[in-house]
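Input: a single structure, listed below in structure tokens.
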Amino acid sequence: MMAADGKKVWMDGRLVDFADAKVHVLNHTLHYGVGVFEGIRAYATADGPAVFRLPEHVRRLFASAKVYHLPIPWSEEEVARAIVETVAANGHIPAYIRPLVYRGEPALGVKNSAGKVSLAIASIPAKKYLGEGSEKGVRAKISPFRKPPSDAMPSYAKACGNYLTSYLAGLDAQQDGYDEAILLDTNGYVAEGTGENLFLVRGGVVYTPGLESDILLGITRDSVVTIATDLGYSVVPKLVSVNELLTADEGFFSGTYAELAPLRTVGRHAIGTAVPGPVTRAVMEVFSKAVRGEDPRYAAWLTRVPGLRAAAATPVRAARRSG
Ligand code: PMP
């Protein structure tokens with residue numbers, strides 16, 4: 001996926017050198033998966049670097065932490081400021097930002113919920129997740145691994161342990177030569193990818209699985225719903241059968257790291273005819289303008305990163321100017 005490298009990591013209020021961002025091997029989160037995290041992107045814009053939908057990500061981090069009894073000892077505003085500070089300290093744009101809430105002190109015993117709750121924030125160079133799939137279309141397979149039901153593993157919390165299923169499904173798909181896995185819920189309805197939500201288009205209507213299929217309520221999913229609605233499409237969250245997916249006119253993934261990626265095939269089935277299809281293309285175009293601050297309708301989705309010079313951080317713009 002990505003080489004995790006950066007200059008500084010924010011740890012409990014201090015920016016430490018990347019190599020020194022360490023915790024004890026007997027920490028509770030490492031052993032039991034009880035931690036919560038976020039994946040956030042910062043993009044280059046004409047007004048300098050900006051974090052996409054920062055308050056929404058911070059809000060979800062706090063909501064996830066609450067589910068797992070991890071009281072974060074900072075306010076949402078303080079965490080948002082710390083994220084901006086970490087992006088500025090590292091200087092990579094586009095950036096992938098990873099805040100993690102964890103118990104880092106040595107503490108064995110699964111019911112142990114007394115340990116200190118810590119927050120670490122890393123900001124590393126962002127790359128394309130699904131590689132060529134982002135443009136040419138993703139080749140996905142239906143995973144043999146299903147989403148655990150939310151009464152076993154709440155899907156609405158972005159918790160470390162939830163990714164055991166994503167790991168198994170993702171590796172299985174990769175070993176079978178696919179780009180990505182599509183996981184079904186325990187009832188056999190389409191849920192989501194390993195780190196993406198899923199949309200399909202039939203007869204000009206956009207459909208997406210809902211919380212009843214044990215998905216993470218993605219912030220990119222929410223952006224897609226807004227953009228597609230603004231483009232005049234009906235967007236309907238519903239239970240999606242495998243049959244509906246395989247016979248859709250179009251399909252695409254949405255996620256912070258994957259951004260928007262059209263679905264080319266599911267197993268041996270081609271999705272629609274052209275990749276990306278017309279609705280997917282229209283939504284992708286607006287989304288890519290929104291994240292770069294080129295669509296004033298979505299300006300409120302961007303939080304500026306002061307102190308990072310736009311010229312140093314935006315090689316794409318610089319290249320365009322000189323070319
Ligand atoms: N589902 C899962 C399981 C995920 O890990 C992610 C990535 N956070 C998503 C969906 C997409 O969420 P978002 O758009 O907020 O990144």
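By convention in this document, the chains of the structure tokens carry letters A, B, ... by their order, each chain's residues are numbered from 1, and ligands are numbered from 1 in the order they are shown.
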Selection: 8 Å around stretch 6-11 of chain A, only C-alpha atoms, excl. self and same-chain fewer than 5 positions, as a ChimeraX atom specification: /A:16-18,21,82,86,89-90,118-125
message: Env of A:Glu196: 6 Å cut, atoms = only C-alpha atoms, seq-sep filter 6 positions within chain, self excluded. Answer as number ranges by chain.
response: A: 253-255
Neighbour list for A:Arg297 as a ChimeraX atom specification, cut-off 12 Å, only C-alpha atoms, skip fewer than 3 positions in-chain: /A:223,226-227,230-231,286-287,289-291,293-294,300-302
task: Select the residues contacting ligand 1 at a distance of at most 10 Å, based on only C-alpha atoms and all ligand atoms, then format the selection as a PyMOL selection string.
output: chain A and resi 37-41+53+56-57+60+147+155-160+162-163+165-166+183+191-198+214-224+253-260
Would you mind exporting C-alpha atoms of the selected residues as a short mmCIF file (atom, residue, chain, number, x, y, z; two decimals), in the first residue's frame?
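New file result_0.cif:
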data_model
loop_
_atom_site.label_atom_id
_atom_site.label_comp_id
_atom_site.auth_asym_id
_atom_site.auth_seq_id
_atom_site.Cartn_x
_atom_site.Cartn_y
_atom_site.Cartn_z
CA PHE A 37 -8.46 5.87 14.04
CA GLU A 38 -9.17 8.10 11.07
CA GLY A 39 -7.84 8.38 7.55
CA ILE A 40 -7.89 11.95 6.25
CA ARG A 41 -6.48 13.63 3.13
CA ARG A 53 -13.71 17.53 5.68
CA GLU A 56 -16.35 15.50 10.09
CA HIS A 57 -13.32 13.23 10.48
CA ARG A 60 -16.19 10.48 13.72
CA LYS A 147 -18.80 -8.21 7.39
CA SER A 155 -19.33 -1.09 11.88
CA TYR A 156 -20.05 2.58 12.54
CA ALA A 157 -16.95 2.82 14.73
CA LYS A 158 -13.68 3.00 12.83
CA ALA A 159 -11.91 0.64 15.20
CA CYS A 160 -8.56 -1.09 14.76
CA ASN A 162 -12.59 -4.12 12.53
CA TYR A 163 -9.77 -4.32 10.03
CA THR A 165 -11.95 -8.75 8.27
CA SER A 166 -10.75 -6.17 5.76
CA LEU A 183 -17.70 -7.82 1.32
CA ALA A 191 -21.84 -4.07 2.13
CA GLU A 192 -18.58 -2.34 1.12
CA GLY A 193 -14.94 -2.73 0.12
CA THR A 194 -12.06 -3.30 2.55
CA GLY A 195 -11.69 0.46 3.04
CA GLU A 196 -14.32 1.95 0.72
CA ASN A 197 -18.05 2.35 0.40
CA LEU A 198 -19.80 1.23 -2.75
CA ASP A 214 -22.89 -3.09 8.60
CA ILE A 215 -20.89 -0.51 6.68
CA LEU A 216 -18.75 2.34 7.91
CA LEU A 217 -20.63 5.56 7.18
CA GLY A 218 -17.94 7.03 4.96
CA ILE A 219 -17.29 10.74 4.78
CA THR A 220 -16.49 10.38 1.07
CA ARG A 221 -19.82 8.51 0.75
CA ASP A 222 -21.51 11.54 2.29
CA SER A 223 -19.65 13.86 -0.15
CA VAL A 224 -20.79 11.66 -3.08
CA PHE A 253 -15.98 2.84 -4.74
CA SER A 254 -15.63 5.85 -2.45
CA GLY A 255 -13.14 6.33 0.36
CA THR A 256 -10.60 8.80 1.65
CA TYR A 257 -7.62 6.79 0.49
CA ALA A 258 -9.23 5.30 -2.64
CA GLU A 259 -11.02 8.59 -3.45
CA LEU A 260 -13.51 7.66 -6.20
#
field: Nearby residues (only C-alpha atoms) at most 7 Å from A:Gly33, same-chain spacing under 3 positions excluded, as a PyMOL selection string
entry: chain A and resi 29-30+160-161
message: Counting only C-alpha atoms, which residue out of A:Gly109, A:Pro71, A:Tyr189, A:Val283 sits closest to A:Tyr32?
response: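 That would be A:Gly109, the residue with the smallest distance to A:Tyr32.
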query: Between atom CA of A:Leu239 and atom CA of A:Val58, what is the distance, to one decimal in Å?
result: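 Between these atoms lies a distance of 28.3 Å.
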When you look at A:Pro149 with a cut-off of 9 Å (counting only C-alpha atoms), what residues show up, excluding the ones that are within fewer than 2 positions of it in the same chain? I need them as a PDB file with N, CA and C atoms, in the first residue's frame.
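Listing of result-v1.pdb after writing:
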ATOM      1  N   ARG A 146     -17.209 -12.281   5.232  1.00  0.00           N
ATOM      2  CA  ARG A 146     -18.355 -11.369   5.345  1.00  0.00           C
ATOM      3  C   ARG A 146     -18.141 -10.346   6.459  1.00  0.00           C
ATOM      4  N   LYS A 147     -18.842  -9.230   6.341  1.00  0.00           N
ATOM      5  CA  LYS A 147     -18.799  -8.212   7.389  1.00  0.00           C
ATOM      6  C   LYS A 147     -19.365  -8.807   8.670  1.00  0.00           C
ATOM      7  N   ASP A 151     -23.836  -6.092  15.892  1.00  0.00           N
ATOM      8  CA  ASP A 151     -24.019  -6.445  17.303  1.00  0.00           C
ATOM      9  C   ASP A 151     -22.848  -7.285  17.809  1.00  0.00           C
ATOM     10  N   ALA A 152     -21.925  -7.626  16.902  1.00  0.00           N
ATOM     11  CA  ALA A 152     -20.664  -8.245  17.328  1.00  0.00           C
ATOM     12  C   ALA A 152     -19.531  -7.218  17.229  1.00  0.00           C
ATOM     13  N   MET A 153     -19.559  -6.410  16.199  1.00  0.00           N
ATOM     14  CA  MET A 153     -18.459  -5.495  15.899  1.00  0.00           C
ATOM     15  C   MET A 153     -19.078  -4.256  15.260  1.00  0.00           C
ATOM     16  N   PRO A 154     -19.327  -3.209  16.037  1.00  0.00           N
ATOM     17  CA  PRO A 154     -20.049  -2.048  15.492  1.00  0.00           C
ATOM     18  C   PRO A 154     -19.333  -1.450  14.271  1.00  0.00           C
ATOM     19  N   SER A 155     -19.994  -1.526  13.114  1.00  0.00           N
ATOM     20  CA  SER A 155     -19.328  -1.091  11.879  1.00  0.00           C
ATOM     21  C   SER A 155     -19.204   0.422  11.809  1.00  0.00           C
ATOM     22  N   ASP A 185     -22.759  -8.523   3.709  1.00  0.00           N
ATOM     23  CA  ASP A 185     -23.122  -8.608   5.128  1.00  0.00           C
ATOM     24  C   ASP A 185     -23.543 -10.047   5.439  1.00  0.00           C
ATOM     25  N   THR A 186     -23.904 -10.328   6.684  1.00  0.00           N
ATOM     26  CA  THR A 186     -24.195 -11.725   7.044  1.00  0.00           C
ATOM     27  C   THR A 186     -25.463 -12.235   6.366  1.00  0.00           C
ATOM     28  N   SER A 213     -26.421  -2.766   6.442  1.00  0.00           N
ATOM     29  CA  SER A 213     -25.498  -3.766   5.892  1.00  0.00           C
ATOM     30  C   SER A 213     -24.137  -3.713   6.589  1.00  0.00           C
ATOM     31  N   ASP A 214     -24.104  -3.089   7.769  1.00  0.00           N
ATOM     32  CA  ASP A 214     -22.886  -3.085   8.601  1.00  0.00           C
ATOM     33  C   ASP A 214     -21.691  -2.448   7.895  1.00  0.00           C
TER      34      ASP A 214
END
message: Let me make sure I understand: among A:Glu76, A:Tyr102, A:Tyr96, A:Arg81, which one has the smallest atom-to-atom distance to A:Lys127 if we use only C-alpha atoms?
response: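 Closest to A:Lys127 of all the choices is A:Tyr96.
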field: Residues of stretch 112-144 of chain A in strand (DSSP E or B), written as a PyMOL selection string
entry: chain A and resi 117-125+138-142
Residue selection dump (C-alpha atoms) as an mmCIF file, in the first residue's frame:
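Output (part-v6.cif):
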data_model
loop_
_atom_site.group_PDB
_atom_site.id
_atom_site.type_symbol
_atom_site.label_atom_id
_atom_site.label_comp_id
_atom_site.auth_asym_id
_atom_site.auth_seq_id
_atom_site.Cartn_x
_atom_site.Cartn_y
_atom_site.Cartn_z
ATOM 1 C CA VAL A 117 -5.738 7.092 26.477
ATOM 2 C CA SER A 118 -3.259 8.484 23.978
ATOM 3 C CA LEU A 119 -3.526 10.187 20.610
ATOM 4 C CA ALA A 120 -0.946 9.990 17.850
ATOM 5 C CA ILE A 121 -1.227 11.832 14.529
ATOM 6 C CA ALA A 122 0.925 10.976 11.511
ATOM 7 C CA SER A 123 0.939 12.723 8.142
ATOM 8 C CA ILE A 124 2.638 10.908 5.266
ATOM 9 C CA PRO A 125 2.736 11.376 1.473
ATOM 10 C CA VAL A 138 -11.202 -1.660 -10.349
ATOM 11 C CA ARG A 139 -11.344 -5.430 -10.765
ATOM 12 C CA ALA A 140 -13.101 -6.672 -7.647
ATOM 13 C CA LYS A 141 -14.241 -10.031 -6.343
ATOM 14 C CA ILE A 142 -16.988 -10.909 -3.915
#
